[in-house]
file work.txt (compact mmCIF, C-alpha atoms and all ligand atoms)
# COMPACT_ATOMS: atom_id res chain seq x y z
CA MET A 1 34.96 -9.10 7.59
CA THR A 2 31.57 -10.79 7.93
CA ILE A 3 29.48 -11.52 4.87
CA TYR A 4 25.99 -10.10 5.40
CA VAL A 5 23.42 -12.86 5.94
CA PRO A 6 19.90 -11.65 5.20
CA PRO A 7 17.57 -12.18 8.18
CA GLU A 8 14.46 -12.39 6.00
CA PRO A 9 13.35 -13.29 2.47
CA PHE A 10 13.93 -10.68 -0.27
CA ALA A 11 16.71 -8.99 1.73
CA TRP A 12 19.73 -7.71 -0.19
CA ARG A 13 22.90 -9.78 -0.50
CA PHE A 14 24.70 -7.79 -3.19
CA CYS A 15 25.29 -4.09 -3.79
CA GLY A 16 22.79 -2.74 -6.32
CA THR A 17 25.39 -0.32 -7.68
CA CYS A 18 28.65 -2.27 -7.99
CA GLY A 19 27.42 -5.85 -7.54
CA ARG A 20 29.78 -6.79 -4.70
CA GLU A 21 28.72 -9.01 -1.84
CA LEU A 22 27.49 -6.94 1.09
CA ILE A 23 29.11 -7.20 4.50
CA ALA A 24 27.63 -6.62 7.94
CA ALA A 25 28.83 -3.29 9.37
CA HIS A 26 27.86 -1.06 12.22
CA ASP A 27 26.42 2.32 11.24
CA GLY A 28 26.60 3.73 14.77
CA GLN A 29 23.19 2.38 15.70
CA SER A 30 23.08 -1.26 14.64
CA GLU A 31 24.53 -3.77 12.22
CA ARG A 32 23.34 -3.30 8.68
CA PRO A 33 24.18 -4.47 5.18
CA HIS A 34 27.02 -2.36 3.83
CA CYS A 35 29.03 -2.09 0.61
CA PRO A 36 32.65 -1.21 1.45
CA ALA A 37 33.42 -0.25 -2.16
CA CYS A 38 30.57 2.28 -2.42
CA ARG A 39 30.74 3.13 1.31
CA ARG A 40 27.02 2.75 1.42
CA PHE A 41 24.70 1.28 4.03
CA TYR A 42 21.50 -0.41 2.90
CA TYR A 43 18.41 0.46 4.91
CA ARG A 44 15.27 -1.60 4.74
CA ASN A 45 12.06 0.31 5.35
CA PRO A 46 8.37 -0.42 4.93
CA VAL A 47 7.13 0.23 1.41
CA PRO A 48 4.53 3.03 1.29
CA ALA A 49 1.14 2.30 -0.24
CA THR A 50 -2.28 3.92 -0.14
CA CYS A 51 -5.87 2.77 0.04
CA CYS A 52 -9.04 4.72 -0.62
CA PHE A 53 -12.19 5.00 1.49
CA VAL A 54 -14.57 6.15 -1.21
CA ARG A 55 -17.71 7.07 0.69
CA ARG A 56 -21.17 7.38 -0.84
CA ALA A 57 -24.15 8.28 1.31
CA ALA A 58 -23.56 7.97 5.03
CA ASP A 59 -22.22 4.45 5.41
CA GLU A 60 -21.41 3.08 1.97
CA LEU A 61 -17.81 2.36 1.01
CA LEU A 62 -16.50 1.33 -2.40
CA PHE A 63 -14.76 -2.05 -2.69
CA ALA A 64 -12.90 -3.43 -5.68
CA GLN A 65 -12.80 -7.12 -6.53
CA ARG A 66 -9.20 -8.07 -7.26
CA ALA A 67 -8.42 -9.30 -10.78
CA VAL A 68 -4.81 -10.07 -9.88
CA HIS A 69 -2.89 -12.27 -7.49
CA PRO A 70 -2.51 -12.42 -4.57
CA CYS A 71 -6.07 -12.86 -3.31
CA ARG A 72 -7.67 -12.78 -6.77
CA GLY A 73 -11.48 -12.60 -6.46
CA ASP A 74 -11.41 -11.09 -2.97
CA TRP A 75 -12.83 -7.64 -2.28
CA THR A 76 -10.46 -4.93 -1.07
CA LEU A 77 -10.27 -1.19 -0.80
CA PRO A 78 -8.94 0.42 -4.00
CA GLY A 79 -5.29 1.43 -3.71
CA GLY A 80 -1.70 0.54 -4.43
CA PHE A 81 1.95 1.43 -4.06
CA VAL A 82 3.32 4.95 -4.07
CA GLU A 83 5.60 5.72 -7.04
CA LEU A 84 8.75 7.81 -6.83
CA GLY A 85 8.10 11.49 -7.47
CA GLU A 86 4.46 11.62 -6.40
CA THR A 87 2.93 12.58 -3.07
CA THR A 88 1.00 9.92 -1.17
CA GLU A 89 -2.21 11.85 -1.87
CA GLU A 90 -1.43 11.86 -5.60
CA ALA A 91 -0.77 8.12 -5.36
CA ALA A 92 -4.18 7.52 -3.76
CA LEU A 93 -5.97 9.56 -6.45
CA ARG A 94 -3.99 7.90 -9.27
CA GLU A 95 -4.71 4.39 -7.97
CA LEU A 96 -8.40 5.29 -7.62
CA ARG A 97 -8.46 6.48 -11.21
CA GLU A 98 -6.60 3.41 -12.49
CA GLU A 99 -8.80 0.89 -10.70
CA THR A 100 -12.21 2.56 -10.86
CA ASN A 101 -11.97 5.34 -13.47
CA LEU A 102 -13.30 7.75 -10.81
CA ARG A 103 -11.66 11.17 -10.92
CA ALA A 104 -11.31 12.87 -7.57
CA SER A 105 -9.21 15.86 -6.64
CA ARG A 106 -9.27 15.71 -2.84
CA ALA A 107 -8.19 12.96 -0.50
CA ARG A 108 -8.18 13.34 3.28
CA LEU A 109 -5.73 11.32 5.38
CA ILE A 110 -7.47 9.02 7.86
CA GLY A 111 -4.54 7.12 9.33
CA VAL A 112 -1.67 4.72 8.77
CA SER A 113 -1.19 0.99 9.30
CA THR A 114 2.11 -0.90 9.05
CA LYS A 115 2.44 -4.67 8.73
CA GLN A 116 4.84 -7.37 7.67
CA SER A 117 3.38 -9.04 4.60
CA PRO A 118 4.62 -12.44 3.37
CA VAL A 119 4.21 -11.26 -0.22
CA SER A 120 5.54 -7.71 -0.29
CA GLY A 121 7.63 -7.54 2.89
CA ALA A 122 6.98 -4.68 5.28
CA ILE A 123 4.25 -2.38 4.00
CA MET A 124 2.97 0.96 5.32
CA VAL A 125 -0.52 1.80 4.10
CA LEU A 126 -1.99 5.29 4.30
CA GLY A 127 -5.78 5.38 4.26
CA TYR A 128 -7.44 8.31 2.48
CA LEU A 129 -11.08 9.38 2.63
CA ILE A 130 -12.59 10.44 -0.68
CA GLU A 131 -16.00 12.03 -0.57
CA GLU A 132 -16.29 13.83 -3.87
CA TRP A 133 -15.62 12.71 -7.40
CA GLU A 134 -16.69 13.46 -10.91
CA SER A 135 -19.51 11.58 -12.66
CA GLU A 136 -20.19 8.18 -11.09
CA ALA A 137 -21.53 7.06 -14.48
CA GLU A 138 -17.90 6.83 -15.57
CA MET A 139 -17.11 4.32 -12.84
CA ARG A 140 -15.87 1.00 -14.24
CA PRO A 141 -13.36 -1.61 -13.09
CA ASP A 142 -9.99 -1.18 -14.70
CA THR A 143 -6.45 -2.64 -14.56
CA ASP A 144 -6.35 -4.57 -11.26
CA ALA A 145 -10.10 -4.82 -10.56
CA MET A 146 -12.79 -7.03 -12.10
CA ASP A 147 -15.81 -5.58 -10.31
CA LEU A 148 -16.69 -2.57 -8.16
CA ARG A 149 -19.45 -2.25 -5.64
CA PHE A 150 -20.54 0.02 -2.80
CA PHE A 151 -21.24 -1.88 0.42
CA LYS A 152 -23.14 -0.69 3.48
CA LYS A 153 -21.33 -1.14 6.77
CA ASP A 154 -23.17 -4.34 7.80
CA GLU A 155 -22.74 -5.87 4.33
CA ARG A 156 -19.02 -5.31 3.90
CA PRO A 157 -17.04 -8.24 2.50
CA ARG A 158 -14.15 -9.77 4.43
CA VAL A 159 -10.91 -8.11 3.29
CA PRO A 160 -7.83 -10.32 2.85
CA PHE A 161 -5.24 -7.77 3.96
CA SER A 162 -4.81 -7.10 7.68
CA VAL A 163 -3.64 -3.52 7.02
CA HIS A 164 -6.94 -2.79 5.28
CA GLN A 165 -8.90 -4.37 8.15
CA GLU A 166 -6.98 -2.29 10.67
CA LEU A 167 -7.70 0.90 8.73
CA LEU A 168 -11.39 -0.08 8.39
CA ASN A 169 -11.51 -0.49 12.19
CA LEU A 170 -9.87 2.91 12.57
CA TYR A 171 -12.31 4.48 10.08
CA ASP A 172 -15.27 3.09 12.06
CA ALA A 173 -13.78 4.12 15.41
CA LEU A 174 -13.19 7.69 14.22
CA GLY A 175 -16.83 8.02 13.14
CA LEU A 176 -15.85 10.34 10.30
ZN ZN B 201 28.79 -1.14 -4.07
call {"tool": "encode", "arguments": {"input": "work.txt", "output": "structure tokens", "more": "lines below"}}
Ligand SMILES: [Zn+2]
result
Amino acid sequence: MTIYVPPEPFAWRFCGTCGRELIAAHDGQSERPHCPACRRFYYRNPVPATCCFVRRAADELLFAQRAVHPCRGDWTLPGGFVELGETTEEAALRELREETNLRASRARLIGVSTKQSPVSGAIMVLGYLIEEWESEAEMRPDTDAMDLRFFKKDERPRVPFSVHQELLNLYDALGL
């Protein structure tokens, strides 16, 4: 019996159900953390998150200035992690509402980017295009954002997250 040695930070060492130390076991495909008592394999997958491309006029996108760490003060696309029990589209619209107070009812999937992040581990970000929303007068930074601004393409701020940059490149390449 081999005790499971996590290959990366934040990996599991103990069973979340019974608390026993996990062992390394083969699930038919590869070696994975396993709890012999619960007969359960532990699978590590990228964590799903969303980001919003809120478009005004032809080439203006909405950016939110982060009020929280990491990268406090930097400008990013509004978005956040998907919660259990909601669709990814609902997550995008909820995050938009929480960060900007904009209410939208339609979000169109642009594409997906997956990266290993030193802070949150592996993350899979779904980019959604949002072109219609209720009154812009209600727009105000909320929870995680300290300021909100629309930027034209040639004035866009540098974004700190490579997944967002990759999705911005995709957005530009698609010419939506
Ligand atoms: Zn267990």
call {"tool": "residues_around", "arguments": {"input": "work.txt", "residues": "segment 170-173 of chain A", "least_positions_apart": "2", "cutoff": "10 Å", "atoms": "only C-alpha atoms", "output": "list of chain:residue names"}}
result
A:Phe53, A:Asp59, A:Ile110, A:Gly111, A:Val112, A:Ser113, A:Gly127, A:Tyr128, A:Leu129, A:Lys153, A:His164, A:Gln165, A:Glu166, A:Leu167, A:Leu168, A:Gly175, A:Leu176
call {"tool": "residues_near_ligand", "arguments": {"input": "work.txt", "ligand": "ligand ZN 201 (chain B)", "cutoff": "8 Å", "atoms": "only C-alpha atoms and all ligand atoms", "output": "list in words"}}
result
Phe14, Cys15, Gly16, Thr17, Cys18, Gly19, Arg20, Leu22, Cys35, Pro36, Ala37, Cys38, Arg39 and Arg40 of chain A
call {"tool": "closest_residue", "arguments": {"input": "work.txt", "among": "A:Phe63, A:Val47, A:Ala57, A:Glu21", "to": "Phe151 of chain A", "atoms": "all atoms listed in the file"}}
result
A:Phe63
call {"tool": "closest_residue", "arguments": {"input": "work.txt", "among": "A:His34, A:Leu126, A:Leu62, A:Gly28", "to": "Thr87 of chain A", "atoms": "all atoms listed in the file"}}
result
A:Leu126
call {"tool": "atom_distance", "arguments": {"input": "work.txt", "atom1": "atom CA of Gln65 of chain A", "atom2": "atom CA of Ala145 of chain A"}}
result
5.4 Å
call {"tool": "residues_around", "arguments": {"input": "work.txt", "residues": "Trp133 of chain A", "least_positions_apart": "4", "cutoff": "7 Å", "atoms": "all atoms listed in the file", "output": "PyMOL selection string"}}
result
chain A and resi 102-104
call {"tool": "closest_residue", "arguments": {"input": "work.txt", "among": "A:Cys71, A:Leu77, A:Gln116, A:Ala122", "to": "Arg44 of chain A", "atoms": "only C-alpha atoms"}}
result
A:Ala122
call {"tool": "closest_residue", "arguments": {"input": "work.txt", "among": "A:Glu86, A:Glu60, A:Glu132, A:Asp142", "to": "Asp154 of chain A", "atoms": "only C-alpha atoms"}}
result
A:Glu60
call {"tool": "atom_distance", "arguments": {"input": "work.txt", "atom1": "atom CA of Arg97 of chain A", "atom2": "atom CA of Phe161 of chain A"}}
result
21.1 Å
call {"tool": "closest_residue", "arguments": {"input": "work.txt", "among": "A:Arg55, A:Arg13, A:Arg32, A:His69", "to": "Phe150 of chain A", "atoms": "only C-alpha atoms"}}
result
A:Arg55
call {"tool": "decode", "arguments": {"input": "work.txt", "residues": "segment 74-166 of chain A", "atoms": "C-alpha atoms", "output": "PDB file, in the first residue's frame"}}
result
ATOM      1  CA  ASP A  74      -5.935  45.682 -11.969  1.00  0.00           C
ATOM      2  CA  TRP A  75      -8.648  45.765 -14.629  1.00  0.00           C
ATOM      3  CA  THR A  76     -10.264  42.482 -15.644  1.00  0.00           C
ATOM      4  CA  LEU A  77     -13.359  41.218 -17.357  1.00  0.00           C
ATOM      5  CA  PRO A  78     -16.278  40.788 -14.924  1.00  0.00           C
ATOM      6  CA  GLY A  79     -16.820  37.172 -13.918  1.00  0.00           C
ATOM      7  CA  GLY A  80     -16.222  34.483 -11.350  1.00  0.00           C
ATOM      8  CA  PHE A  81     -16.616  30.864 -10.357  1.00  0.00           C
ATOM      9  CA  VAL A  82     -19.601  28.703 -11.221  1.00  0.00           C
ATOM     10  CA  GLU A  83     -21.629  27.579  -8.178  1.00  0.00           C
ATOM     11  CA  LEU A  84     -23.173  24.143  -7.799  1.00  0.00           C
ATOM     12  CA  GLY A  85     -26.711  23.974  -9.155  1.00  0.00           C
ATOM     13  CA  GLU A  86     -26.477  26.773 -11.706  1.00  0.00           C
ATOM     14  CA  THR A  87     -25.724  26.646 -15.414  1.00  0.00           C
ATOM     15  CA  THR A  88     -22.575  28.368 -16.656  1.00  0.00           C
ATOM     16  CA  GLU A  89     -24.757  30.961 -18.387  1.00  0.00           C
ATOM     17  CA  GLU A  90     -26.586  31.658 -15.108  1.00  0.00           C
ATOM     18  CA  ALA A  91     -23.198  31.977 -13.409  1.00  0.00           C
ATOM     19  CA  ALA A  92     -22.056  34.575 -15.963  1.00  0.00           C
ATOM     20  CA  LEU A  93     -25.248  36.619 -15.536  1.00  0.00           C
ATOM     21  CA  ARG A  94     -25.124  36.345 -11.727  1.00  0.00           C
ATOM     22  CA  GLU A  95     -21.480  37.448 -11.577  1.00  0.00           C
ATOM     23  CA  LEU A  96     -22.264  40.353 -13.910  1.00  0.00           C
ATOM     24  CA  ARG A  97     -25.093  41.425 -11.631  1.00  0.00           C
ATOM     25  CA  GLU A  98     -22.975  41.062  -8.484  1.00  0.00           C
ATOM     26  CA  GLU A  99     -20.025  43.031  -9.815  1.00  0.00           C
ATOM     27  CA  THR A 100     -21.717  45.680 -11.953  1.00  0.00           C
ATOM     28  CA  ASN A 101     -25.418  45.694 -10.979  1.00  0.00           C
ATOM     29  CA  LEU A 102     -26.241  45.241 -14.687  1.00  0.00           C
ATOM     30  CA  ARG A 103     -29.173  42.907 -15.309  1.00  0.00           C
ATOM     31  CA  ALA A 104     -28.950  40.903 -18.488  1.00  0.00           C
ATOM     32  CA  SER A 105     -30.969  37.888 -19.535  1.00  0.00           C
ATOM     33  CA  ARG A 106     -28.946  36.574 -22.471  1.00  0.00           C
ATOM     34  CA  ALA A 107     -25.337  35.474 -22.649  1.00  0.00           C
ATOM     35  CA  ARG A 108     -23.787  33.955 -25.760  1.00  0.00           C
ATOM     36  CA  LEU A 109     -20.868  31.541 -25.435  1.00  0.00           C
ATOM     37  CA  ILE A 110     -17.725  32.780 -27.195  1.00  0.00           C
ATOM     38  CA  GLY A 111     -15.195  30.136 -26.206  1.00  0.00           C
ATOM     39  CA  VAL A 112     -13.256  28.439 -23.443  1.00  0.00           C
ATOM     40  CA  SER A 113      -9.739  28.805 -22.058  1.00  0.00           C
ATOM     41  CA  THR A 114      -8.052  26.467 -19.558  1.00  0.00           C
ATOM     42  CA  LYS A 115      -4.939  27.305 -17.562  1.00  0.00           C
ATOM     43  CA  GLN A 116      -3.009  26.287 -14.498  1.00  0.00           C
ATOM     44  CA  SER A 117      -3.168  29.172 -12.037  1.00  0.00           C
ATOM     45  CA  PRO A 118      -0.781  29.432  -9.072  1.00  0.00           C
ATOM     46  CA  VAL A 119      -3.609  30.815  -6.944  1.00  0.00           C
ATOM     47  CA  SER A 120      -6.651  28.713  -7.794  1.00  0.00           C
ATOM     48  CA  GLY A 121      -5.103  25.627  -9.408  1.00  0.00           C
ATOM     49  CA  ALA A 122      -6.418  24.554 -12.789  1.00  0.00           C
ATOM     50  CA  ILE A 123      -9.184  26.837 -14.003  1.00  0.00           C
ATOM     51  CA  MET A 124     -11.483  26.597 -17.036  1.00  0.00           C
ATOM     52  CA  VAL A 125     -12.998  29.925 -18.029  1.00  0.00           C
ATOM     53  CA  LEU A 126     -15.999  30.227 -20.331  1.00  0.00           C
ATOM     54  CA  GLY A 127     -16.290  33.586 -22.060  1.00  0.00           C
ATOM     55  CA  TYR A 128     -19.796  34.943 -22.666  1.00  0.00           C
ATOM     56  CA  LEU A 129     -20.828  37.833 -24.891  1.00  0.00           C
ATOM     57  CA  ILE A 130     -23.475  40.124 -23.439  1.00  0.00           C
ATOM     58  CA  GLU A 131     -24.975  42.696 -25.752  1.00  0.00           C
ATOM     59  CA  GLU A 132     -28.198  43.699 -24.059  1.00  0.00           C
ATOM     60  CA  TRP A 133     -28.949  44.715 -20.517  1.00  0.00           C
ATOM     61  CA  GLU A 134     -31.410  46.767 -18.579  1.00  0.00           C
ATOM     62  CA  SER A 135     -30.799  50.420 -17.689  1.00  0.00           C
ATOM     63  CA  GLU A 136     -27.112  51.353 -17.787  1.00  0.00           C
ATOM     64  CA  ALA A 137     -27.900  54.108 -15.260  1.00  0.00           C
ATOM     65  CA  GLU A 138     -28.057  51.347 -12.664  1.00  0.00           C
ATOM     66  CA  MET A 139     -24.487  50.301 -13.379  1.00  0.00           C
ATOM     67  CA  ARG A 140     -22.250  50.600 -10.304  1.00  0.00           C
ATOM     68  CA  PRO A 141     -19.284  48.643  -8.962  1.00  0.00           C
ATOM     69  CA  ASP A 142     -20.289  46.126  -6.343  1.00  0.00           C
ATOM     70  CA  THR A 143     -18.774  43.322  -4.228  1.00  0.00           C
ATOM     71  CA  ASP A 144     -15.449  42.521  -5.952  1.00  0.00           C
ATOM     72  CA  ALA A 145     -15.081  45.663  -8.096  1.00  0.00           C
ATOM     73  CA  MET A 146     -14.078  49.218  -7.172  1.00  0.00           C
ATOM     74  CA  ASP A 147     -14.587  50.851 -10.565  1.00  0.00           C
ATOM     75  CA  LEU A 148     -16.170  50.026 -13.922  1.00  0.00           C
ATOM     76  CA  ARG A 149     -15.334  51.458 -17.286  1.00  0.00           C
ATOM     77  CA  PHE A 150     -15.927  50.764 -20.968  1.00  0.00           C
ATOM     78  CA  PHE A 151     -12.715  50.705 -23.003  1.00  0.00           C
ATOM     79  CA  LYS A 152     -12.318  50.933 -26.769  1.00  0.00           C
ATOM     80  CA  LYS A 153     -10.192  48.225 -28.334  1.00  0.00           C
ATOM     81  CA  ASP A 154      -7.009  50.328 -28.622  1.00  0.00           C
ATOM     82  CA  GLU A 155      -7.392  51.645 -25.050  1.00  0.00           C
ATOM     83  CA  ARG A 156      -7.903  48.349 -23.264  1.00  0.00           C
ATOM     84  CA  PRO A 157      -5.957  47.893 -20.027  1.00  0.00           C
ATOM     85  CA  ARG A 158      -3.529  45.016 -19.575  1.00  0.00           C
ATOM     86  CA  VAL A 159      -5.362  42.113 -17.912  1.00  0.00           C
ATOM     87  CA  PRO A 160      -3.518  40.131 -15.227  1.00  0.00           C
ATOM     88  CA  PHE A 161      -5.032  36.730 -16.002  1.00  0.00           C
ATOM     89  CA  SER A 162      -3.732  34.792 -19.007  1.00  0.00           C
ATOM     90  CA  VAL A 163      -7.096  33.038 -19.477  1.00  0.00           C
ATOM     91  CA  HIS A 164      -8.771  36.423 -19.921  1.00  0.00           C
ATOM     92  CA  GLN A 165      -6.071  37.522 -22.384  1.00  0.00           C
ATOM     93  CA  GLU A 166      -6.513  34.319 -24.369  1.00  0.00           C
TER      94      GLU A 166
END
